[in-house]
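Engineer: The structure that follows is given in the form of structure tokens.
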Amino acid sequence: MDLLGAVASVAGVAALGVGTWQLRVAVLDRRDARRHGPGPRSAPPVGPADSGALPVAAPYGRLPEEVLGRDALKAQLRRVMSRRGRRARETLVIAGMGGVGKSTVALWLAAEFRRRGRPVWWVNAADPVSLRGGILEILRRLDAPEPLLREVRDALPTAADRFWAFLAGRPAGSRRALLVFDNADQPAVLAADGTSSPADGAGWVRAGGDVLTVVTTRVGDSRVWGSAARVVPLKVLDEVAAAAVLRGLAPQVPDPDGQEAPALARRLGTLPLALHLAGAYLTSPLARWRSFQEYRLALDGGTAAEAVAELDGARSDSRTTVSRTWELSLDALAGQGTDRAREVLYRLACLAPATPIPGTLLGPEDDGAVLPALRGLAELALVDTIPAPGRVPGALPDLVLHPVVADTCRARMTDGGGGAIPAAAAERISAAVGALDPERPSDWPEWERLIPHLQALLTWAAPHLDPAVLSALLRAGESAGYSLWLIGRRENGGGRPGEELGHVLLTAASRLGDRHPDLLSARHGHGVTLVGKGRPREAEELFRAVLADRRSVLGDDHLDTLLTRDQLVGAILAQGRYDEAEQMYRDLIADQEVALGAEHPQTLTTYVDLAWSIGMQGRAEEAAELCRRALEIDRRVVGEENPKTLDAWADLARWTGEGGSHQDAHDLCTRLLEVEDRVLGAEHPLTLVTRATLARTVAALGRPGEAERILREVVAKMEPVLSDGDPRMLTTRRDLAGVLAAQGRTRPAQRIYHQVLRLQRQHLGEAHPDTVDTTRLMARHT
């Protein structure tokens, strides 16, 4: 059964059981029964002091000067309010997660009613005692008869029916009134007998007479409220409105470029409660962080728990503090018997918020407590469920958690409230990652689903994990970084694949010691990132230091030591020192063959790297022969479609063309592209590089116009994938300039050459062979 369907099926009776306040009512009833005996109870006269009535004035002081981001909803409510002469035919149920602004919207409507001179009654429906007290005050104001007051005060099952029958008579003072049942997070409170669903229409929630009834609640299932109710889902604000809220609440806080307030608003998930608390905090003279950016960085960094605690300190009302907002919902679920809802929510909070969380990360599928807990959490809008791609029938759906909910749960866990939960989450995601292969393209979509959650755990939980658990998580992160490099997509900010994850790994591993193998792996990964960012000299220095430590800690023959040697030579190769790199590769291969074997995948990869150093020195045929040998073994050892095999195949095509066998190179590219398009996708960097190689062979075969068309398509697809300084992008643009020049179109060719030369000087340096070649080509086509 689908989770949302399951929520609906249990929302009516069992999941909405009697809470602690209802237990109190039962105790009072039993006390009254003992006091008055078994016969009908007779209530004492109701006077001002013992009437049980509670205030029903709307709390207008909590209404902001302007309710932002709700224009469409406000227009809808105005239409409802302006139905002159028509009796209310429906109840409005404003539903959403805690802190989303349900009461604020209801208050805005109440203010509109007051402005038009209409009665407003505001009843706290959080528990039966508060509900009865509010109803009694409404009846007192309307001069209701004493028997009706007694029925309400004594919580008789007929009280709601008699209340609405009385209002149907349109007593003086009730014409076109607004009745708000606020904080109705336990719908059973509004039912006729306090134990069932209000959907039957026999309880306190009804439509009729001159009264418009509005309910604010965290429970948005329409089947809970019945066909006479219209559920209005309330979501978080849009980013523009959220930033305006922050600026309005903290006008003295500067926003120099206009981006700091939106960035903080995004980090707070544009949740109105969090925005208001943050604005109040930033205006405090005791604020530790004084700008939008400083506070956002505190939430993102190692002081998140302190940042949440100080946010709570901005308000004194316990219901409107961030921490208590969702704890109230969890308390309610616990009171209904869903004892593990808090644990499940905390498990979700360990992972990346606002990002689909695979249900498999919650724990074993046979854990029977997970699904009931998720039902309760979804019912109270603490989690959202979304269809999971390829979801197996009966499996848990993907889940999404709001960032501020995650922040508050994490703050409680790091404050001694649940240290075992992050460890369990780390073990679970490490196991999930361990079942994947970075070199298997069919696993790449799952890698991309898991990596945000792995990165989230490493970011906030690393200081709180046992070293052994952290070490396993770091190794999973290392595999994840390799998968991102193979997937080849730039990160959201335009960085190299895996760059952000690499920084997280480096920070998390630093607590294990300067020469711990996991820290050395993280430093090794940082060196790879430096090469990719066009900083090979820095990378060379780092790799030399890591190599010395790995030799000392792991030994010369360890695979990790040999990998660092390979990357060190790669950094030297990237600087154009091809002859030096060639000799170092030959020495490395000799050691790899002894330590790993001649057909080990890493040994074969180094053969392809050796071929590159040889080919760049003008010995293309020798380079092609090395790639051909490596390709034959790769196909047999790792398979036809492994990325290592495809990489050797692509280099073979390149060096075959450079050696003058253009038709052979064309045929190699054509066959390879059929595989790459199917396995990697048309926009994968390796696919694009192969297509660029094909264009060079087409140009060499005398078809420059066709080559131009291919290269323009490749450049357009490379731009979102590769950075401007990436050597593959620079080479492809220079090839495009070459085919333009070959067609006599010198001016556009020169513009591209100038652009490429500027970037090569910036990233490679004036003396790099590629920079020198571009200068020579520009001079030739001037």
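Residue names in the structure tokens use chain letters A, B, ... in the order shown, residue numbers from 1 in each chain, and ligand numbers from 1 in the order shown.
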Which residues are close to Ala106 in chain A, i.e. within 8 Å by only C-alpha atoms, leaving aside same-chain residues fewer than 4 positions away? Reply as a list in words.
Structural biologist: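 Once the nearby chain positions are removed, what remains is Lys102, Ala110, Val180, Val214 and Thr216 of chain A.
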Engineer: Could you save those same residues with N, CA and C atoms as a CSV table (one decimal), in the first residue's frame?
Structural biologist:
chain,number,residue,atom,x,y,z
A,102,LYS,N,0.5,28.9,9.4
A,102,LYS,CA,-0.9,28.6,9.3
A,102,LYS,C,-1.7,29.6,10.2
A,110,ALA,N,-8.7,37.0,10.3
A,110,ALA,CA,-9.4,37.5,11.4
A,110,ALA,C,-9.3,39.1,11.4
A,180,VAL,N,-12.3,30.5,14.4
A,180,VAL,CA,-11.0,29.8,14.1
A,180,VAL,C,-10.7,28.8,15.2
A,214,VAL,N,-12.8,28.1,10.3
A,214,VAL,CA,-11.4,27.9,9.8
A,214,VAL,C,-10.6,27.1,10.8
A,216,THR,N,-6.8,25.5,11.7
A,216,THR,CA,-5.4,25.4,11.4
A,216,THR,C,-4.8,24.1,12.0
Engineer: Need the shell around Ser291 in chain A: protein/DNA/RNA residues with any atom at most 10 Å away, counting only C-alpha atoms. Skip same-chain ones fewer than 4 positions apart. Format as a list in words?
Structural biologist: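 Near Ser291 in chain A, the qualifying residues are Ala250, Gln252, Val253, Pro254, Asp255, Glu260, Ala261, Leu264, Leu282, Thr283, Ala287, Tyr295, Arg296 and Leu297 of chain A.
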Engineer: Write down as a PyMOL selection string the residues belonging to range 582-665 of chain A that are assigned alpha helix (DSSP H) by DSSP computed on the backbone.
Structural biologist: chain A and resi 582-595+601-615+620-637+643-658+662-665
Engineer: For the residues selected in the previous step, produce a file with C-alpha atoms as a PDB file, in the first residue's frame.
Structural biologist:
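And here's out-v8.pdb as it stands now:
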ATOM      1  CA  GLU A 582      57.589   9.240 -19.752  1.00  0.00           C
ATOM      2  CA  GLN A 583      60.520   7.958 -17.740  1.00  0.00           C
ATOM      3  CA  MET A 584      58.595   8.139 -14.458  1.00  0.00           C
ATOM      4  CA  TYR A 585      55.719   6.176 -16.010  1.00  0.00           C
ATOM      5  CA  ARG A 586      58.101   3.476 -17.222  1.00  0.00           C
ATOM      6  CA  ASP A 587      59.598   3.149 -13.734  1.00  0.00           C
ATOM      7  CA  LEU A 588      56.122   3.004 -12.199  1.00  0.00           C
ATOM      8  CA  ILE A 589      54.922   0.317 -14.615  1.00  0.00           C
ATOM      9  CA  ALA A 590      57.921  -1.844 -13.764  1.00  0.00           C
ATOM     10  CA  ASP A 591      57.025  -1.630 -10.052  1.00  0.00           C
ATOM     11  CA  GLN A 592      53.312  -2.154 -10.714  1.00  0.00           C
ATOM     12  CA  GLU A 593      53.941  -5.331 -12.697  1.00  0.00           C
ATOM     13  CA  VAL A 594      55.841  -6.754  -9.717  1.00  0.00           C
ATOM     14  CA  ALA A 595      53.429  -5.574  -7.007  1.00  0.00           C
ATOM     15  CA  PRO A 601      43.545  -2.555 -14.117  1.00  0.00           C
ATOM     16  CA  GLN A 602      45.749   0.102 -12.542  1.00  0.00           C
ATOM     17  CA  THR A 603      48.804  -1.146 -14.429  1.00  0.00           C
ATOM     18  CA  LEU A 604      46.828  -0.974 -17.674  1.00  0.00           C
ATOM     19  CA  THR A 605      45.690   2.575 -16.844  1.00  0.00           C
ATOM     20  CA  THR A 606      49.308   3.602 -16.406  1.00  0.00           C
ATOM     21  CA  TYR A 607      50.145   2.131 -19.842  1.00  0.00           C
ATOM     22  CA  VAL A 608      47.535   4.465 -21.351  1.00  0.00           C
ATOM     23  CA  ASP A 609      49.024   7.400 -19.416  1.00  0.00           C
ATOM     24  CA  LEU A 610      52.495   6.436 -20.694  1.00  0.00           C
ATOM     25  CA  ALA A 611      51.093   6.439 -24.237  1.00  0.00           C
ATOM     26  CA  TRP A 612      49.884  10.008 -23.708  1.00  0.00           C
ATOM     27  CA  SER A 613      53.322  11.223 -22.612  1.00  0.00           C
ATOM     28  CA  ILE A 614      54.824   9.546 -25.693  1.00  0.00           C
ATOM     29  CA  GLY A 615      52.175  10.825 -28.113  1.00  0.00           C
ATOM     30  CA  ALA A 620      51.916   8.936 -32.217  1.00  0.00           C
ATOM     31  CA  GLU A 621      52.335   5.478 -33.724  1.00  0.00           C
ATOM     32  CA  GLU A 622      54.202   4.229 -30.640  1.00  0.00           C
ATOM     33  CA  ALA A 623      51.489   5.704 -28.421  1.00  0.00           C
ATOM     34  CA  ALA A 624      48.766   4.023 -30.509  1.00  0.00           C
ATOM     35  CA  GLU A 625      50.453   0.634 -30.189  1.00  0.00           C
ATOM     36  CA  LEU A 626      50.590   0.944 -26.371  1.00  0.00           C
ATOM     37  CA  CYS A 627      46.875   1.865 -26.275  1.00  0.00           C
ATOM     38  CA  ARG A 628      46.021  -1.055 -28.568  1.00  0.00           C
ATOM     39  CA  ARG A 629      47.725  -3.538 -26.238  1.00  0.00           C
ATOM     40  CA  ALA A 630      46.072  -2.024 -23.160  1.00  0.00           C
ATOM     41  CA  LEU A 631      42.670  -2.064 -24.867  1.00  0.00           C
ATOM     42  CA  GLU A 632      42.890  -5.743 -25.717  1.00  0.00           C
ATOM     43  CA  ILE A 633      43.664  -6.664 -22.112  1.00  0.00           C
ATOM     44  CA  ASP A 634      41.071  -4.225 -20.675  1.00  0.00           C
ATOM     45  CA  ARG A 635      38.339  -5.813 -22.766  1.00  0.00           C
ATOM     46  CA  ARG A 636      39.229  -9.201 -21.370  1.00  0.00           C
ATOM     47  CA  VAL A 637      39.875  -8.167 -17.750  1.00  0.00           C
ATOM     48  CA  PRO A 643      35.175   3.317 -18.359  1.00  0.00           C
ATOM     49  CA  LYS A 644      38.844   2.238 -18.308  1.00  0.00           C
ATOM     50  CA  THR A 645      38.281   0.273 -21.521  1.00  0.00           C
ATOM     51  CA  LEU A 646      36.479   3.174 -23.172  1.00  0.00           C
ATOM     52  CA  ASP A 647      39.272   5.558 -22.146  1.00  0.00           C
ATOM     53  CA  ALA A 648      41.934   3.312 -23.737  1.00  0.00           C
ATOM     54  CA  TRP A 649      39.766   3.018 -26.855  1.00  0.00           C
ATOM     55  CA  ALA A 650      39.383   6.811 -27.109  1.00  0.00           C
ATOM     56  CA  ASP A 651      43.135   7.365 -26.796  1.00  0.00           C
ATOM     57  CA  LEU A 652      43.788   4.698 -29.412  1.00  0.00           C
ATOM     58  CA  ALA A 653      41.526   6.602 -31.836  1.00  0.00           C
ATOM     59  CA  ARG A 654      43.319   9.867 -31.090  1.00  0.00           C
ATOM     60  CA  TRP A 655      46.839   8.563 -31.592  1.00  0.00           C
ATOM     61  CA  THR A 656      45.809   6.575 -34.665  1.00  0.00           C
ATOM     62  CA  GLY A 657      44.612   9.813 -36.243  1.00  0.00           C
ATOM     63  CA  GLU A 658      47.693  11.735 -35.099  1.00  0.00           C
ATOM     64  CA  HIS A 662      42.691   9.082 -40.548  1.00  0.00           C
ATOM     65  CA  GLN A 663      40.181   6.601 -41.949  1.00  0.00           C
ATOM     66  CA  ASP A 664      41.146   4.018 -39.314  1.00  0.00           C
ATOM     67  CA  ALA A 665      40.748   6.689 -36.642  1.00  0.00           C
TER      68      ALA A 665
END
Engineer: Report, in Å to a single decimal, how far apart CA of Glu683 in chain A and CA of Asp735 in chain A are.
Structural biologist: 18.8 Å
Engineer: CA of Tyr753 in chain A and CA of Glu538 in chain A are how many Å apart?
Structural biologist: 27.3 Å
Engineer: Using only C-alpha atoms for the distances, tell me which of A:Gly301, A:Gly576, A:Gly419, A:Pro119 is nearest to Ala767 in chain A.
Structural biologist: A:Gly576
Engineer: Report as an mmCIF file with C-alpha atoms, in the first residue's frame all protein, DNA and RNA residues lying within 12 Å of Val231 in chain A, evaluated on only C-alpha atoms, omitting residues in the same chain fewer than 5 positions from it.
Structural biologist:
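See result_34.cif below for the written result:
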data_model
loop_
_atom_site.group_PDB
_atom_site.id
_atom_site.type_symbol
_atom_site.label_atom_id
_atom_site.label_comp_id
_atom_site.auth_asym_id
_atom_site.auth_seq_id
_atom_site.Cartn_x
_atom_site.Cartn_y
_atom_site.Cartn_z
ATOM 1 C CA GLU A 90 -17.744 24.707 3.778
ATOM 2 C CA THR A 91 -15.065 24.729 6.425
ATOM 3 C CA LEU A 92 -11.579 25.885 5.484
ATOM 4 C CA VAL A 93 -8.763 23.726 6.853
ATOM 5 C CA ILE A 94 -5.385 25.462 6.574
ATOM 6 C CA ALA A 95 -2.878 22.615 6.817
ATOM 7 C CA GLY A 96 0.889 22.464 6.803
ATOM 8 C CA VAL A 214 -11.420 27.921 9.766
ATOM 9 C CA VAL A 215 -9.159 25.226 11.200
ATOM 10 C CA THR A 216 -5.356 25.433 11.408
ATOM 11 C CA THR A 217 -3.668 22.052 11.672
ATOM 12 C CA ARG A 218 -0.641 20.009 10.744
ATOM 13 C CA VAL A 219 -2.884 17.202 9.477
ATOM 14 C CA GLY A 220 -3.683 17.772 5.821
ATOM 15 C CA ASP A 221 -5.443 14.535 4.878
ATOM 16 C CA SER A 222 -8.849 15.537 3.480
ATOM 17 C CA ARG A 223 -10.356 12.242 4.631
ATOM 18 C CA VAL A 224 -9.704 13.261 8.220
ATOM 19 C CA TRP A 225 -11.770 16.439 7.829
ATOM 20 C CA GLY A 226 -14.623 15.190 5.635
#
Engineer: Can you tell me how far CA of Trp122 in chain A sits from CA of Ala58 in chain A, in Å to one decimal?
Structural biologist: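 Taking CA of Trp122 in chain A and CA of Ala58 in chain A, their separation equals 5.1 Å.
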Engineer: Quick one: pick out all strand (DSSP E or B) residues within range 67-275 of chain A from a backbone DSSP run and write them as a PyMOL selection string.
Structural biologist: chain A and resi 91-95+120-124+178-182+208+211-217+229-233
Engineer: Can you write out the residues you just picked, keeping N, CA, C and O atoms, as an mmCIF file, in the first residue's frame?
Structural biologist:
data_model
loop_
_atom_site.group_PDB
_atom_site.id
_atom_site.type_symbol
_atom_site.label_atom_id
_atom_site.label_comp_id
_atom_site.auth_asym_id
_atom_site.auth_seq_id
_atom_site.Cartn_x
_atom_site.Cartn_y
_atom_site.Cartn_z
ATOM 1 N N THR A 91 -16.082 24.356 5.443
ATOM 2 C CA THR A 91 -15.065 24.729 6.425
ATOM 3 C C THR A 91 -13.725 24.795 5.713
ATOM 4 O O THR A 91 -13.424 23.951 4.860
ATOM 5 N N LEU A 92 -12.917 25.779 6.039
ATOM 6 C CA LEU A 92 -11.579 25.885 5.484
ATOM 7 C C LEU A 92 -10.592 25.295 6.485
ATOM 8 O O LEU A 92 -10.568 25.706 7.656
ATOM 9 N N VAL A 93 -9.797 24.352 6.015
ATOM 10 C CA VAL A 93 -8.763 23.726 6.853
ATOM 11 C C VAL A 93 -7.410 24.137 6.287
ATOM 12 O O VAL A 93 -7.018 23.714 5.201
ATOM 13 N N ILE A 94 -6.707 25.003 6.993
ATOM 14 C CA ILE A 94 -5.385 25.462 6.574
ATOM 15 C C ILE A 94 -4.366 24.512 7.186
ATOM 16 O O ILE A 94 -4.177 24.490 8.406
ATOM 17 N N ALA A 95 -3.718 23.715 6.337
ATOM 18 C CA ALA A 95 -2.878 22.615 6.817
ATOM 19 C C ALA A 95 -1.445 22.783 6.330
ATOM 20 O O ALA A 95 -1.204 23.204 5.197
ATOM 21 N N VAL A 120 -15.259 37.907 15.561
ATOM 22 C CA VAL A 120 -14.170 36.941 15.411
ATOM 23 C C VAL A 120 -14.031 36.180 16.719
ATOM 24 O O VAL A 120 -13.923 36.780 17.787
ATOM 25 N N TRP A 121 -14.029 34.850 16.615
ATOM 26 C CA TRP A 121 -13.808 33.993 17.786
ATOM 27 C C TRP A 121 -12.597 33.114 17.507
ATOM 28 O O TRP A 121 -12.551 32.392 16.505
ATOM 29 N N TRP A 122 -11.644 33.144 18.391
ATOM 30 C CA TRP A 122 -10.370 32.413 18.213
ATOM 31 C C TRP A 122 -10.264 31.373 19.334
ATOM 32 O O TRP A 122 -10.074 31.713 20.501
ATOM 33 N N VAL A 123 -10.394 30.103 18.969
ATOM 34 C CA VAL A 123 -10.429 29.030 19.960
ATOM 35 C C VAL A 123 -9.190 28.160 19.815
ATOM 36 O O VAL A 123 -8.883 27.686 18.710
ATOM 37 N N ASN A 124 -8.501 27.945 20.924
ATOM 38 C CA ASN A 124 -7.357 27.037 20.924
ATOM 39 C C ASN A 124 -7.877 25.600 20.960
ATOM 40 O O ASN A 124 -8.491 25.179 21.941
ATOM 41 N N LEU A 178 -16.552 34.840 12.186
ATOM 42 C CA LEU A 178 -15.438 33.940 11.875
ATOM 43 C C LEU A 178 -15.108 33.145 13.128
ATOM 44 O O LEU A 178 -14.872 33.721 14.199
ATOM 45 N N LEU A 179 -15.081 31.814 13.000
ATOM 46 C CA LEU A 179 -14.687 30.932 14.097
ATOM 47 C C LEU A 179 -13.417 30.201 13.689
ATOM 48 O O LEU A 179 -13.413 29.440 12.721
ATOM 49 N N VAL A 180 -12.332 30.455 14.410
ATOM 50 C CA VAL A 180 -11.049 29.822 14.124
ATOM 51 C C VAL A 180 -10.745 28.796 15.204
ATOM 52 O O VAL A 180 -10.732 29.124 16.405
ATOM 53 N N PHE A 181 -10.554 27.555 14.774
ATOM 54 C CA PHE A 181 -10.031 26.516 15.658
ATOM 55 C C PHE A 181 -8.531 26.410 15.373
ATOM 56 O O PHE A 181 -8.120 25.831 14.376
ATOM 57 N N ASP A 182 -7.722 26.984 16.255
ATOM 58 C CA ASP A 182 -6.274 27.061 16.025
ATOM 59 C C ASP A 182 -5.565 25.873 16.690
ATOM 60 O O ASP A 182 -6.023 25.342 17.700
ATOM 61 N N GLY A 208 -22.087 26.057 8.300
ATOM 62 C CA GLY A 208 -23.500 26.375 8.365
ATOM 63 C C GLY A 208 -23.740 27.714 9.011
ATOM 64 O O GLY A 208 -22.837 28.331 9.592
ATOM 65 N N VAL A 211 -21.693 31.547 10.057
ATOM 66 C CA VAL A 211 -20.345 31.429 10.629
ATOM 67 C C VAL A 211 -19.412 30.755 9.628
ATOM 68 O O VAL A 211 -19.716 29.667 9.121
ATOM 69 N N LEU A 212 -18.291 31.397 9.342
ATOM 70 C CA LEU A 212 -17.229 30.773 8.553
ATOM 71 C C LEU A 212 -16.260 30.105 9.529
ATOM 72 O O LEU A 212 -15.690 30.784 10.405
ATOM 73 N N THR A 213 -16.082 28.814 9.394
ATOM 74 C CA THR A 213 -15.197 28.070 10.286
ATOM 75 C C THR A 213 -13.867 27.820 9.583
ATOM 76 O O THR A 213 -13.835 27.336 8.448
ATOM 77 N N VAL A 214 -12.776 28.129 10.279
ATOM 78 C CA VAL A 214 -11.420 27.921 9.766
ATOM 79 C C VAL A 214 -10.645 27.109 10.794
ATOM 80 O O VAL A 214 -10.695 27.409 12.002
ATOM 81 N N VAL A 215 -9.971 26.084 10.332
ATOM 82 C CA VAL A 215 -9.159 25.226 11.200
ATOM 83 C C VAL A 215 -7.705 25.356 10.767
ATOM 84 O O VAL A 215 -7.399 25.321 9.568
ATOM 85 N N THR A 216 -6.788 25.516 11.717
ATOM 86 C CA THR A 216 -5.356 25.433 11.408
ATOM 87 C C THR A 216 -4.818 24.142 12.020
ATOM 88 O O THR A 216 -5.093 23.837 13.194
ATOM 89 N N THR A 217 -4.088 23.390 11.233
ATOM 90 C CA THR A 217 -3.668 22.052 11.672
ATOM 91 C C THR A 217 -2.445 21.594 10.896
ATOM 92 O O THR A 217 -2.183 22.087 9.789
ATOM 93 N N ALA A 229 -15.320 19.934 4.262
ATOM 94 C CA ALA A 229 -14.154 20.778 4.532
ATOM 95 C C ALA A 229 -13.306 20.911 3.279
ATOM 96 O O ALA A 229 -13.135 19.949 2.528
ATOM 97 N N ARG A 230 -12.780 22.103 3.052
ATOM 98 C CA ARG A 230 -11.845 22.319 1.949
ATOM 99 C C ARG A 230 -10.457 22.510 2.553
ATOM 100 O O ARG A 230 -10.198 23.484 3.266
ATOM 101 N N VAL A 231 -9.583 21.549 2.279
ATOM 102 C CA VAL A 231 -8.219 21.609 2.817
ATOM 103 C C VAL A 231 -7.385 22.522 1.934
ATOM 104 O O VAL A 231 -7.312 22.352 0.712
ATOM 105 N N VAL A 232 -6.751 23.508 2.557
ATOM 106 C CA VAL A 232 -5.886 24.457 1.852
ATOM 107 C C VAL A 232 -4.454 24.178 2.292
ATOM 108 O O VAL A 232 -4.055 24.580 3.393
ATOM 109 N N PRO A 233 -3.665 23.457 1.490
ATOM 110 C CA PRO A 233 -2.282 23.160 1.893
ATOM 111 C C PRO A 233 -1.450 24.447 1.914
ATOM 112 O O PRO A 233 -1.492 25.239 0.969
#
Engineer: Given only C-alpha atoms as the basis, pick out the residue of A:Ala341, A:Ala423, A:His684, A:Arg347 nearest to Leu486 in chain A.
Structural biologist: A:His684
Engineer: My list of candidates is A:Asp127, A:Thr746, A:Val689, A:Arg412. Which is closest to Val714 in chain A when distances are computed with only C-alpha atoms?
Structural biologist: A:Val689
Engineer: Counting only C-alpha atoms, figure out which residue out of A:Leu299, A:Leu371, A:Leu362, A:Met729 gets nearest to Val404 in chain A.
Structural biologist: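 Using only C-alpha atoms, the shortest distance to Val404 in chain A belongs to A:Leu299.
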